[in-house]
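File shown here: start19.pdb, holding PDB, C-alpha atoms.
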```
ATOM      1  CA  MET A  42    -126.236-108.358-113.891  1.00  0.00           C
ATOM      2  CA  ASN A  43    -127.281-107.719-110.297  1.00  0.00           C
ATOM      3  CA  ALA A  44    -126.988-104.172-109.072  1.00  0.00           C
ATOM      4  CA  VAL A  45    -125.524-103.915-105.594  1.00  0.00           C
ATOM      5  CA  LEU A  46    -127.391-101.371-103.547  1.00  0.00           C
ATOM      6  CA  LYS A  47    -125.188 -99.470-101.146  1.00  0.00           C
ATOM      7  CA  GLU A  48    -126.747 -98.770 -97.763  1.00  0.00           C
ATOM      8  CA  SER A  49    -127.077 -95.141 -96.775  1.00  0.00           C
ATOM      9  CA  LEU A  50    -125.047 -93.977 -93.787  1.00  0.00           C
ATOM     10  CA  TYR A  51    -128.250 -93.819 -91.768  1.00  0.00           C
ATOM     11  CA  GLU A  52    -129.114 -97.414 -92.684  1.00  0.00           C
ATOM     12  CA  GLN A  53    -125.587 -98.371 -91.582  1.00  0.00           C
ATOM     13  CA  LEU A  54    -126.117 -96.483 -88.304  1.00  0.00           C
ATOM     14  CA  LEU A  55    -129.390 -98.327 -87.688  1.00  0.00           C
ATOM     15  CA  ALA A  56    -127.672-101.668 -88.379  1.00  0.00           C
ATOM     16  CA  LEU A  57    -125.023-101.155 -85.679  1.00  0.00           C
ATOM     17  CA  PRO A  58    -125.115-103.729 -82.851  1.00  0.00           C
ATOM     18  CA  ASP A  59    -126.928-102.761 -79.646  1.00  0.00           C
ATOM     19  CA  ASN A  60    -123.656-102.322 -77.758  1.00  0.00           C
ATOM     20  CA  VAL A  61    -122.420 -99.694 -80.238  1.00  0.00           C
ATOM     21  CA  ALA A  62    -123.426 -96.027 -80.394  1.00  0.00           C
ATOM     22  CA  GLY A  63    -123.395 -94.273 -83.758  1.00  0.00           C
ATOM     23  CA  GLU A  64    -123.493 -90.755 -85.170  1.00  0.00           C
ATOM     24  CA  ILE A  65    -123.246 -89.285 -88.662  1.00  0.00           C
ATOM     25  CA  LEU A  66    -121.054 -86.200 -88.520  1.00  0.00           C
ATOM     26  CA  ASN A  67    -119.984 -84.275 -91.617  1.00  0.00           C
ATOM     27  CA  GLY A  68    -120.764 -87.214 -93.892  1.00  0.00           C
ATOM     28  CA  GLU A  69    -118.913 -89.826 -91.839  1.00  0.00           C
ATOM     29  CA  LEU A  70    -120.312 -92.608 -89.660  1.00  0.00           C
ATOM     30  CA  HIS A  71    -118.741 -92.663 -86.196  1.00  0.00           C
ATOM     31  CA  ALA A  72    -119.303 -95.800 -84.130  1.00  0.00           C
ATOM     32  CA  LEU A  73    -118.084 -96.361 -80.585  1.00  0.00           C
ATOM     33  CA  PRO A  74    -118.753 -98.948 -77.887  1.00  0.00           C
ATOM     34  CA  ARG A  75    -121.047 -97.958 -75.061  1.00  0.00           C
ATOM     35  CA  PRO A  76    -119.482 -95.646 -72.461  1.00  0.00           C
ATOM     36  CA  SER A  77    -117.668 -96.623 -69.262  1.00  0.00           C
ATOM     37  CA  GLY A  78    -119.209 -96.855 -65.817  1.00  0.00           C
ATOM     38  CA  ARG A  79    -117.607 -93.554 -64.763  1.00  0.00           C
ATOM     39  CA  HIS A  80    -119.192 -91.927 -67.804  1.00  0.00           C
ATOM     40  CA  GLY A  81    -122.573 -93.353 -66.772  1.00  0.00           C
ATOM     41  CA  VAL A  82    -122.218 -92.030 -63.218  1.00  0.00           C
ATOM     42  CA  VAL A  83    -121.569 -88.513 -64.550  1.00  0.00           C
ATOM     43  CA  GLY A  84    -124.569 -88.750 -66.901  1.00  0.00           C
ATOM     44  CA  ARG A  85    -126.772 -89.955 -64.055  1.00  0.00           C
ATOM     45  CA  GLY A  86    -125.588 -87.092 -61.817  1.00  0.00           C
ATOM     46  CA  LEU A  87    -126.262 -84.481 -64.471  1.00  0.00           C
ATOM     47  CA  GLY A  88    -129.671 -85.943 -65.241  1.00  0.00           C
ATOM     48  CA  PHE A  89    -130.592 -85.983 -61.559  1.00  0.00           C
ATOM     49  CA  ASN A  90    -129.391 -82.430 -60.849  1.00  0.00           C
ATOM     50  CA  LEU A  91    -130.970 -80.907 -63.952  1.00  0.00           C
ATOM     51  CA  SER A  92    -134.192 -82.892 -64.447  1.00  0.00           C
ATOM     52  CA  GLY A  93    -135.717 -82.128 -61.050  1.00  0.00           C
ATOM     53  CA  PRO A  94    -135.532 -78.337 -61.158  1.00  0.00           C
ATOM     54  CA  PHE A  95    -135.583 -77.734 -64.908  1.00  0.00           C
ATOM     55  CA  ASP A  96    -137.575 -80.603 -66.435  1.00  0.00           C
ATOM     56  CA  PHE A  97    -140.048 -81.261 -63.608  1.00  0.00           C
ATOM     57  CA  GLY A  98    -139.944 -77.847 -61.888  1.00  0.00           C
ATOM     58  CA  ARG A  99    -138.978 -79.316 -58.487  1.00  0.00           C
ATOM     59  CA  GLY A 100    -136.944 -76.625 -56.713  1.00  0.00           C
ATOM     60  CA  GLY A 101    -136.430 -74.741 -59.963  1.00  0.00           C
ATOM     61  CA  PRO A 102    -138.159 -72.949 -62.806  1.00  0.00           C
ATOM     62  CA  GLY A 103    -139.125 -75.956 -64.962  1.00  0.00           C
ATOM     63  CA  GLY A 104    -139.796 -75.316 -68.628  1.00  0.00           C
ATOM     64  CA  TRP A 105    -137.252 -77.737 -70.116  1.00  0.00           C
ATOM     65  CA  TRP A 106    -137.030 -81.227 -71.569  1.00  0.00           C
ATOM     66  CA  ILE A 107    -133.783 -82.887 -70.411  1.00  0.00           C
ATOM     67  CA  ILE A 108    -133.110 -86.018 -72.481  1.00  0.00           C
ATOM     68  CA  ILE A 109    -130.284 -88.562 -72.180  1.00  0.00           C
ATOM     69  CA  GLU A 110    -128.620 -89.558 -75.489  1.00  0.00           C
ATOM     70  CA  PRO A 111    -131.205 -88.166 -77.912  1.00  0.00           C
ATOM     71  CA  GLU A 112    -130.711 -88.761 -81.617  1.00  0.00           C
ATOM     72  CA  VAL A 113    -130.557 -85.169 -82.888  1.00  0.00           C
ATOM     73  CA  HIS A 114    -131.169 -84.836 -86.628  1.00  0.00           C
ATOM     74  CA  PHE A 115    -129.800 -81.478 -87.755  1.00  0.00           C
ATOM     75  CA  ILE A 116    -130.544 -82.744 -91.270  1.00  0.00           C
ATOM     76  CA  ARG A 117    -132.911 -85.723 -91.231  1.00  0.00           C
ATOM     77  CA  ASP A 118    -130.941 -88.994 -91.510  1.00  0.00           C
ATOM     78  CA  VAL A 119    -127.880 -87.109 -92.863  1.00  0.00           C
ATOM     79  CA  GLN A 120    -126.383 -85.013 -90.022  1.00  0.00           C
ATOM     80  CA  VAL A 121    -127.095 -86.982 -86.834  1.00  0.00           C
ATOM     81  CA  ALA A 122    -125.492 -86.273 -83.459  1.00  0.00           C
ATOM     82  CA  VAL A 123    -126.089 -88.110 -80.197  1.00  0.00           C
ATOM     83  CA  PRO A 124    -124.982 -85.836 -77.359  1.00  0.00           C
ATOM     84  CA  ASN A 125    -124.754 -87.440 -73.943  1.00  0.00           C
ATOM     85  CA  LEU A 126    -127.501 -85.115 -72.717  1.00  0.00           C
ATOM     86  CA  ALA A 127    -129.528 -82.399 -74.392  1.00  0.00           C
ATOM     87  CA  GLY A 128    -132.099 -79.875 -73.284  1.00  0.00           C
ATOM     88  CA  TRP A 129    -134.867 -78.024 -75.053  1.00  0.00           C
ATOM     89  CA  ARG A 130    -136.904 -75.118 -73.750  1.00  0.00           C
ATOM     90  CA  ARG A 131    -140.510 -76.268 -73.890  1.00  0.00           C
ATOM     91  CA  GLU A 132    -141.632 -73.101 -75.655  1.00  0.00           C
ATOM     92  CA  ARG A 133    -139.401 -74.174 -78.583  1.00  0.00           C
ATOM     93  CA  MET A 134    -140.283 -77.890 -78.415  1.00  0.00           C
ATOM     94  CA  PRO A 135    -143.682 -78.209 -76.707  1.00  0.00           C
ATOM     95  CA  SER A 136    -143.660 -82.010 -76.771  1.00  0.00           C
ATOM     96  CA  VAL A 137    -141.153 -84.822 -77.174  1.00  0.00           C
ATOM     97  CA  PRO A 138    -141.220 -86.488 -80.614  1.00  0.00           C
ATOM     98  CA  ASP A 139    -143.114 -89.752 -80.958  1.00  0.00           C
ATOM     99  CA  ASP A 140    -140.199 -91.462 -82.699  1.00  0.00           C
ATOM    100  CA  HIS A 141    -136.473 -91.467 -81.953  1.00  0.00           C
ATOM    101  CA  ARG A 142    -135.596 -88.472 -84.152  1.00  0.00           C
ATOM    102  CA  PHE A 143    -135.269 -85.078 -82.480  1.00  0.00           C
ATOM    103  CA  GLU A 144    -135.443 -82.529 -85.296  1.00  0.00           C
ATOM    104  CA  VAL A 145    -135.592 -79.342 -83.214  1.00  0.00           C
ATOM    105  CA  VAL A 146    -132.111 -77.986 -82.467  1.00  0.00           C
ATOM    106  CA  PRO A 147    -131.398 -78.320 -78.733  1.00  0.00           C
ATOM    107  CA  ASP A 148    -130.898 -75.200 -76.607  1.00  0.00           C
ATOM    108  CA  TRP A 149    -128.170 -76.997 -74.625  1.00  0.00           C
ATOM    109  CA  VAL A 150    -126.047 -80.091 -75.060  1.00  0.00           C
ATOM    110  CA  CYS A 151    -123.570 -81.804 -72.795  1.00  0.00           C
ATOM    111  CA  GLU A 152    -120.747 -84.047 -73.907  1.00  0.00           C
ATOM    112  CA  ILE A 153    -119.091 -86.265 -71.309  1.00  0.00           C
ATOM    113  CA  LEU A 154    -115.517 -86.601 -72.466  1.00  0.00           C
ATOM    114  CA  SER A 155    -113.548 -89.824 -72.533  1.00  0.00           C
ATOM    115  CA  PRO A 156    -110.116 -90.562 -73.999  1.00  0.00           C
ATOM    116  CA  SER A 157    -111.810 -92.139 -77.035  1.00  0.00           C
ATOM    117  CA  THR A 158    -114.317 -89.293 -77.667  1.00  0.00           C
ATOM    118  CA  ALA A 159    -112.722 -86.039 -76.477  1.00  0.00           C
ATOM    119  CA  LYS A 160    -111.072 -85.174 -79.790  1.00  0.00           C
ATOM    120  CA  LYS A 161    -114.268 -85.848 -81.786  1.00  0.00           C
ATOM    121  CA  ASP A 162    -116.398 -83.941 -79.259  1.00  0.00           C
ATOM    122  CA  ARG A 163    -114.144 -80.880 -79.405  1.00  0.00           C
ATOM    123  CA  ILE A 164    -112.958 -80.843 -83.026  1.00  0.00           C
ATOM    124  CA  ILE A 165    -115.999 -82.170 -84.901  1.00  0.00           C
ATOM    125  CA  LYS A 166    -119.086 -81.806 -82.714  1.00  0.00           C
ATOM    126  CA  LEU A 167    -118.453 -78.401 -81.093  1.00  0.00           C
ATOM    127  CA  PRO A 168    -118.244 -76.603 -84.496  1.00  0.00           C
ATOM    128  CA  LEU A 169    -121.265 -78.594 -85.704  1.00  0.00           C
ATOM    129  CA  TYR A 170    -123.287 -77.453 -82.694  1.00  0.00           C
ATOM    130  CA  ALA A 171    -122.320 -73.834 -83.459  1.00  0.00           C
ATOM    131  CA  GLN A 172    -123.240 -74.255 -87.132  1.00  0.00           C
ATOM    132  CA  TYR A 173    -126.772 -75.334 -86.230  1.00  0.00           C
ATOM    133  CA  GLY A 174    -127.263 -72.760 -83.446  1.00  0.00           C
ATOM    134  CA  VAL A 175    -127.097 -74.746 -80.196  1.00  0.00           C
ATOM    135  CA  ALA A 176    -126.915 -71.908 -77.632  1.00  0.00           C
ATOM    136  CA  HIS A 177    -125.016 -73.663 -74.818  1.00  0.00           C
ATOM    137  CA  VAL A 178    -122.580 -76.580 -74.624  1.00  0.00           C
ATOM    138  CA  TRP A 179    -121.064 -78.150 -71.541  1.00  0.00           C
ATOM    139  CA  MET A 180    -118.013 -80.401 -71.775  1.00  0.00           C
ATOM    140  CA  VAL A 181    -117.570 -82.561 -68.685  1.00  0.00           C
ATOM    141  CA  ASP A 182    -114.349 -84.507 -68.116  1.00  0.00           C
ATOM    142  CA  PRO A 183    -114.797 -87.245 -65.488  1.00  0.00           C
ATOM    143  CA  LEU A 184    -111.054 -88.021 -65.301  1.00  0.00           C
ATOM    144  CA  ALA A 185    -109.962 -84.403 -64.784  1.00  0.00           C
ATOM    145  CA  GLN A 186    -113.164 -83.686 -62.808  1.00  0.00           C
ATOM    146  CA  THR A 187    -113.871 -80.497 -64.778  1.00  0.00           C
ATOM    147  CA  LEU A 188    -116.772 -78.795 -66.500  1.00  0.00           C
ATOM    148  CA  GLU A 189    -116.290 -76.256 -69.286  1.00  0.00           C
ATOM    149  CA  ALA A 190    -119.348 -74.215 -70.266  1.00  0.00           C
ATOM    150  CA  PHE A 191    -119.602 -72.494 -73.638  1.00  0.00           C
ATOM    151  CA  GLU A 192    -122.134 -69.984 -74.924  1.00  0.00           C
ATOM    152  CA  LEU A 193    -122.717 -69.266 -78.594  1.00  0.00           C
ATOM    153  CA  GLN A 194    -122.261 -65.545 -79.240  1.00  0.00           C
ATOM    154  CA  GLN A 195    -122.409 -64.214 -82.818  1.00  0.00           C
ATOM    155  CA  GLY A 196    -121.700 -67.687 -84.201  1.00  0.00           C
ATOM    156  CA  ARG A 197    -118.617 -68.281 -82.036  1.00  0.00           C
ATOM    157  CA  TRP A 198    -118.126 -70.212 -78.820  1.00  0.00           C
ATOM    158  CA  VAL A 199    -117.255 -68.165 -75.765  1.00  0.00           C
ATOM    159  CA  LEU A 200    -115.981 -70.027 -72.700  1.00  0.00           C
ATOM    160  CA  ILE A 201    -118.159 -68.717 -69.864  1.00  0.00           C
ATOM    161  CA  ALA A 202    -117.057 -71.023 -67.023  1.00  0.00           C
ATOM    162  CA  THR A 203    -114.384 -73.537 -66.127  1.00  0.00           C
ATOM    163  CA  LEU A 204    -115.192 -75.498 -62.983  1.00  0.00           C
ATOM    164  CA  LYS A 205    -113.320 -78.237 -61.150  1.00  0.00           C
ATOM    165  CA  ASP A 206    -113.630 -80.794 -58.364  1.00  0.00           C
ATOM    166  CA  ASP A 207    -116.428 -79.635 -56.028  1.00  0.00           C
ATOM    167  CA  ASP A 208    -117.077 -76.135 -57.416  1.00  0.00           C
ATOM    168  CA  GLU A 209    -120.661 -74.909 -57.431  1.00  0.00           C
ATOM    169  CA  VAL A 210    -122.337 -75.284 -60.828  1.00  0.00           C
ATOM    170  CA  ALA A 211    -124.394 -72.142 -61.375  1.00  0.00           C
ATOM    171  CA  VAL A 212    -123.870 -71.776 -65.101  1.00  0.00           C
ATOM    172  CA  PRO A 213    -126.260 -70.710 -67.870  1.00  0.00           C
ATOM    173  CA  PRO A 214    -128.636 -71.912 -68.953  1.00  0.00           C
ATOM    174  CA  PHE A 215    -129.069 -73.772 -65.651  1.00  0.00           C
ATOM    175  CA  ASP A 216    -127.901 -71.164 -63.146  1.00  0.00           C
ATOM    176  CA  ALA A 217    -131.271 -70.953 -61.344  1.00  0.00           C
ATOM    177  CA  ALA A 218    -130.670 -74.171 -59.352  1.00  0.00           C
ATOM    178  CA  PRO A 219    -126.982 -74.582 -58.434  1.00  0.00           C
ATOM    179  CA  PHE A 220    -125.468 -77.943 -57.498  1.00  0.00           C
ATOM    180  CA  SER A 221    -122.016 -79.198 -56.531  1.00  0.00           C
ATOM    181  CA  LEU A 222    -119.802 -80.537 -59.306  1.00  0.00           C
ATOM    182  CA  ALA A 223    -118.777 -83.223 -56.791  1.00  0.00           C
ATOM    183  CA  ASP A 224    -122.262 -84.734 -57.298  1.00  0.00           C
ATOM    184  CA  LEU A 225    -121.025 -85.983 -60.676  1.00  0.00           C
ATOM    185  CA  TRP A 226    -117.979 -87.892 -59.507  1.00  0.00           C
ATOM    186  CA  GLY A 227    -119.826 -90.626 -57.622  1.00  0.00           C
TER     187      GLY A 227
END
```
Just give me the structure of the file as C-alpha coordinates.
Amino acid sequence: MNAVLKESLYEQLLALPDNVAGEILNGELHALPRPSGRHGVVGRGLGFNLSGPFDFGRGGPGGWWIIIEPEVHFIRDVQVAVPNLAGWRRERMPSVPDDHRFEVVPDWVCEILSPSTAKKDRIIKLPLYAQYGVAHVWMVDPLAQTLEAFELQQGRWVLIATLKDDDEVAVPPFDAAPFSLADLWG
(Lines of atoms letter the chains of each structure in order from A and count residues from 1; the text may use other names and numbers.)
(Lines give C-alpha, C1' and ligand atoms only; values in the text may rest on other atoms or scores of the structure.)
Protein backbone atom coordinates (compact mmCIF):
# COMPACT_ATOMS: atom_id res chain seq x y z
CA MET A 1 0.00 0.00 0.00
CA ASN A 2 1.42 3.38 -0.98
CA ALA A 3 1.13 6.13 1.58
CA VAL A 4 0.06 9.44 0.11
CA LEU A 5 2.05 12.27 1.59
CA LYS A 6 0.06 15.44 1.99
CA GLU A 7 1.96 18.63 1.21
CA SER A 8 2.26 21.15 4.00
CA LEU A 9 0.54 24.49 3.50
CA TYR A 10 3.94 26.08 3.00
CA GLU A 11 4.83 23.55 0.30
CA GLN A 12 1.48 24.37 -1.35
CA LEU A 13 2.31 28.09 -1.12
CA LEU A 14 5.69 27.52 -2.76
CA ALA A 15 4.03 25.51 -5.55
CA LEU A 16 1.69 28.35 -6.55
CA PRO A 17 2.19 29.65 -10.11
CA ASP A 18 4.31 32.78 -10.56
CA ASN A 19 1.26 34.92 -11.30
CA VAL A 20 -0.34 34.04 -7.95
CA ALA A 21 0.50 35.51 -4.54
CA GLY A 22 0.03 33.35 -1.46
CA GLU A 23 -0.16 33.72 2.31
CA ILE A 24 -0.85 31.33 5.18
CA LEU A 25 -3.13 33.06 7.67
CA ASN A 26 -4.60 31.30 10.69
CA GLY A 27 -3.98 27.87 9.19
CA GLU A 28 -5.49 28.63 5.78
CA LEU A 29 -3.75 29.16 2.44
CA HIS A 30 -4.92 32.32 0.69
CA ALA A 31 -4.02 32.66 -2.99
CA LEU A 32 -4.81 35.63 -5.20
CA PRO A 33 -3.75 36.76 -8.66
CA ARG A 34 -1.19 39.53 -8.88
CA PRO A 35 -2.54 43.02 -8.14
CA SER A 36 -3.95 45.55 -10.62
CA GLY A 37 -2.03 48.36 -12.26
CA ARG A 38 -3.62 50.94 -9.95
CA HIS A 39 -2.45 48.88 -6.99
CA GLY A 40 1.08 48.85 -8.44
CA VAL A 41 1.08 52.63 -8.91
CA VAL A 42 0.15 53.13 -5.24
CA GLY A 43 2.88 50.69 -4.13
CA ARG A 44 5.43 52.47 -6.31
CA GLY A 45 4.40 55.87 -4.89
CA LEU A 46 4.67 54.67 -1.31
CA GLY A 47 8.03 53.04 -1.97
CA PHE A 48 9.35 56.19 -3.60
CA ASN A 49 8.11 58.56 -0.87
CA LEU A 50 9.27 56.39 2.02
CA SER A 51 12.49 54.77 0.76
CA GLY A 52 14.36 58.00 0.02
CA PRO A 53 14.02 59.67 3.41
CA PHE A 54 13.63 56.63 5.66
CA ASP A 55 15.55 53.79 3.97
CA PHE A 56 18.34 55.78 2.31
CA GLY A 57 18.30 58.88 4.55
CA ARG A 58 17.78 61.29 1.62
CA GLY A 59 15.86 64.27 3.03
CA GLY A 60 14.92 62.31 6.13
CA PRO A 61 16.25 60.48 9.16
CA GLY A 62 17.08 57.11 7.55
CA GLY A 63 17.31 54.11 9.85
CA TRP A 64 14.71 51.89 8.16
CA TRP A 65 14.45 49.01 5.71
CA ILE A 66 11.42 49.54 3.44
CA ILE A 67 10.63 46.32 1.55
CA ILE A 68 7.96 45.65 -1.08
CA GLU A 69 5.97 42.40 -0.60
CA PRO A 70 8.21 40.69 1.95
CA GLU A 71 7.33 37.18 3.07
CA VAL A 72 6.90 37.73 6.82
CA HIS A 73 7.08 34.53 8.87
CA PHE A 74 5.47 35.19 12.24
CA ILE A 75 5.86 31.44 12.78
CA ARG A 76 8.33 29.91 10.32
CA ASP A 77 6.46 28.31 7.38
CA VAL A 78 3.20 28.24 9.41
CA GLN A 79 1.96 31.84 9.85
CA VAL A 80 3.09 33.69 6.72
CA ALA A 81 1.85 37.13 5.67
CA VAL A 82 2.88 39.12 2.61
CA PRO A 83 2.01 42.76 3.24
CA ASN A 84 2.23 45.06 0.25
CA LEU A 85 5.00 46.99 1.98
CA ALA A 86 6.73 46.60 5.32
CA GLY A 87 9.31 48.53 7.27
CA TRP A 88 11.80 47.59 9.95
CA ARG A 89 13.86 49.91 12.11
CA ARG A 90 17.47 48.96 11.46
CA GLU A 91 18.27 48.77 15.16
CA ARG A 92 15.76 45.87 15.35
CA MET A 93 16.79 44.24 12.06
CA PRO A 94 20.37 45.32 11.28
CA SER A 95 20.48 43.51 7.94
CA VAL A 96 18.05 42.06 5.42
CA PRO A 97 17.80 38.25 5.51
CA ASP A 98 19.76 36.28 2.94
CA ASP A 99 16.73 34.20 1.97
CA HIS A 100 13.12 35.16 1.31
CA ARG A 101 11.89 34.67 4.89
CA PHE A 102 11.62 37.74 7.11
CA GLU A 103 11.39 36.42 10.67
CA VAL A 104 11.65 39.71 12.56
CA VAL A 105 8.23 41.28 13.13
CA PRO A 106 7.95 44.49 11.07
CA ASP A 107 7.58 47.85 12.83
CA TRP A 108 5.16 48.99 10.11
CA VAL A 109 3.11 47.36 7.38
CA CYS A 110 0.97 48.77 4.62
CA GLU A 111 -1.87 46.99 2.90
CA ILE A 112 -3.15 48.40 -0.38
CA LEU A 113 -6.81 47.52 -0.46
CA SER A 114 -8.66 46.13 -3.45
CA PRO A 115 -12.20 44.78 -3.72
CA SER A 116 -10.80 41.23 -3.60
CA THR A 117 -8.49 41.78 -0.58
CA ALA A 118 -10.06 44.46 1.63
CA LYS A 119 -12.10 42.07 3.77
CA LYS A 120 -9.12 39.73 4.35
CA ASP A 121 -6.80 42.67 5.07
CA ARG A 122 -9.16 44.14 7.66
CA ILE A 123 -10.75 41.05 9.24
CA ILE A 124 -7.89 38.53 9.17
CA LYS A 125 -4.59 40.38 8.76
CA LEU A 126 -5.16 43.43 10.99
CA PRO A 127 -5.82 41.27 14.11
CA LEU A 128 -2.88 39.04 13.15
CA TYR A 129 -0.58 42.06 12.96
CA ALA A 130 -1.76 43.13 16.44
CA GLN A 131 -1.24 39.61 17.81
CA TYR A 132 2.41 39.62 16.74
CA GLY A 133 3.11 43.23 17.80
CA VAL A 134 3.39 45.20 14.55
CA ALA A 135 3.39 48.79 15.88
CA HIS A 136 1.88 50.62 12.88
CA VAL A 137 -0.41 49.65 10.00
CA TRP A 138 -1.51 51.77 7.08
CA MET A 139 -4.49 50.78 4.94
CA VAL A 140 -4.50 52.55 1.58
CA ASP A 141 -7.56 52.42 -0.68
CA PRO A 142 -6.72 53.44 -4.26
CA LEU A 143 -10.39 53.56 -5.35
CA ALA A 144 -11.55 55.77 -2.47
CA GLN A 145 -8.18 57.59 -2.46
CA THR A 146 -7.81 57.26 1.32
CA LEU A 147 -5.19 56.28 3.86
CA GLU A 148 -6.07 55.03 7.33
CA ALA A 149 -3.22 54.85 9.85
CA PHE A 150 -3.41 52.65 12.93
CA GLU A 151 -1.13 52.46 15.95
CA LEU A 152 -0.99 49.50 18.31
CA GLN A 153 -1.65 50.68 21.86
CA GLN A 154 -1.95 48.12 24.68
CA GLY A 155 -2.68 45.36 22.17
CA ARG A 156 -5.48 47.25 20.40
CA TRP A 157 -5.54 49.24 17.18
CA VAL A 158 -6.14 52.96 17.54
CA LEU A 159 -6.99 54.91 14.38
CA ILE A 160 -4.56 57.84 14.44
CA ALA A 161 -5.25 59.38 11.01
CA THR A 162 -7.71 59.23 8.15
CA LEU A 163 -6.48 61.04 5.05
CA LYS A 164 -8.04 61.55 1.63
CA ASP A 165 -7.32 62.81 -1.88
CA ASP A 166 -4.33 65.17 -1.68
CA ASP A 167 -3.97 65.51 2.11
CA GLU A 168 -0.45 65.77 3.50
CA VAL A 169 0.84 62.45 4.86
CA ALA A 170 2.71 63.25 8.07
CA VAL A 171 1.76 60.17 10.04
CA PRO A 172 3.78 58.02 12.45
CA PRO A 173 6.07 56.31 12.07
CA PHE A 174 6.93 58.33 8.96
CA ASP A 175 5.96 61.85 10.03
CA ALA A 176 9.50 63.26 9.68
CA ALA A 177 9.24 63.58 5.87
CA PRO A 178 5.70 64.51 4.78
CA PHE A 179 4.42 63.91 1.25
CA SER A 180 1.15 64.47 -0.59
CA LEU A 181 -1.31 61.58 -0.71
CA ALA A 182 -1.95 62.65 -4.32
CA ASP A 183 1.51 61.22 -5.13
CA LEU A 184 -0.05 57.76 -4.81
CA TRP A 185 -2.87 58.17 -7.29
CA GLY A 186 -0.73 58.42 -10.41
Which region 157-182 of chain A residues have any atom within 12 Å of an atom of region 112-126 of chain A, and for each, what is the nearest pair of atoms with distance in Å to one decimal, counting all atoms listed in the file, rows sorted by chain and number, as a Markdown table?
```
| residue | atom | partner | partner_atom | distance |
| --- | --- | --- | --- | --- |
| A:Thr158 | CA | A:Pro124 | CA | 11.2 |
| A:Lys161 | CA | A:Ala122 | CA | 11.4 |
| A:Asp162 | CA | A:Pro124 | CA | 9.0 |
| A:Ile165 | CA | A:Ala122 | CA | 10.4 |
| A:Lys166 | CA | A:Ala122 | CA | 7.8 |
| A:Leu167 | CA | A:Pro124 | CA | 10.6 |
| A:Leu169 | CA | A:Ala122 | CA | 9.0 |
| A:Tyr170 | CA | A:Ala122 | CA | 9.1 |
| A:Ala171 | CA | A:Phe115 | CA | 11.5 |
| A:Gln172 | CA | A:Phe115 | CA | 9.8 |
| A:Tyr173 | CA | A:Phe115 | CA | 7.0 |
| A:Gly174 | CA | A:Phe115 | CA | 10.1 |
| A:Val175 | CA | A:Phe115 | CA | 10.5 |
| A:His177 | CA | A:Leu126 | CA | 11.9 |
| A:Val178 | CA | A:Pro124 | CA | 9.9 |
| A:Trp179 | CA | A:Leu126 | CA | 9.6 |
| A:Met180 | CA | A:Asn125 | CA | 10.0 |
| A:Val181 | CA | A:Asn125 | CA | 10.2 |
```
Convert the current residue selection to file output with C-alpha atoms, as a PDB file, in the coordinates of the input.
```
ATOM      1  CA  THR A 158    -114.317 -89.293 -77.667  1.00  0.00           C
ATOM      2  CA  LYS A 161    -114.268 -85.848 -81.786  1.00  0.00           C
ATOM      3  CA  ASP A 162    -116.398 -83.941 -79.259  1.00  0.00           C
ATOM      4  CA  ILE A 165    -115.999 -82.170 -84.901  1.00  0.00           C
ATOM      5  CA  LYS A 166    -119.086 -81.806 -82.714  1.00  0.00           C
ATOM      6  CA  LEU A 167    -118.453 -78.401 -81.093  1.00  0.00           C
ATOM      7  CA  LEU A 169    -121.265 -78.594 -85.704  1.00  0.00           C
ATOM      8  CA  TYR A 170    -123.287 -77.453 -82.694  1.00  0.00           C
ATOM      9  CA  ALA A 171    -122.320 -73.834 -83.459  1.00  0.00           C
ATOM     10  CA  GLN A 172    -123.240 -74.255 -87.132  1.00  0.00           C
ATOM     11  CA  TYR A 173    -126.772 -75.334 -86.230  1.00  0.00           C
ATOM     12  CA  GLY A 174    -127.263 -72.760 -83.446  1.00  0.00           C
ATOM     13  CA  VAL A 175    -127.097 -74.746 -80.196  1.00  0.00           C
ATOM     14  CA  HIS A 177    -125.016 -73.663 -74.818  1.00  0.00           C
ATOM     15  CA  VAL A 178    -122.580 -76.580 -74.624  1.00  0.00           C
ATOM     16  CA  TRP A 179    -121.064 -78.150 -71.541  1.00  0.00           C
ATOM     17  CA  MET A 180    -118.013 -80.401 -71.775  1.00  0.00           C
ATOM     18  CA  VAL A 181    -117.570 -82.561 -68.685  1.00  0.00           C
TER      19      VAL A 181
END
```
**OP:** Tell me which of A:Ser221, A:Asn67, A:Asn60, A:Ser77 sits closest to Leu154 (chain A), counting all atoms listed in the file.
**Re:** A:Ser77
**OP:** Evaluate the PyMOL selection byres ((chain A and resi 183) around 7) and record the selected residues as a list in words, following the chain and residue labels used in the document.
**Re:** Arg79, His80, Val83, Val181, Asp182, Leu184, Ala185, Gln186, Thr187 and Trp226 of chain A
Subject >> For CA of Leu222 (chain A) and CA of Pro168 (chain A), the interatomic separation in Å (one decimal) >> reply: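 Calculated distance between CA of Leu222 (chain A) and CA of Pro168 (chain A) is 25.5 Å.
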Original post:
Counting all atoms listed in the file, which of A:Gly63, A:Pro214, A:Pro138, A:Pro147 gets nearest to Leu91 (chain A)?
Top reply: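 Selected residue with least distance to Leu91 (chain A): A:Pro214.
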Original post:
Closest to Pro111 (chain A) among A:Val137, A:Ala217, A:Ala190, A:Leu87, using all atoms listed in the file?
Top reply: A:Val137
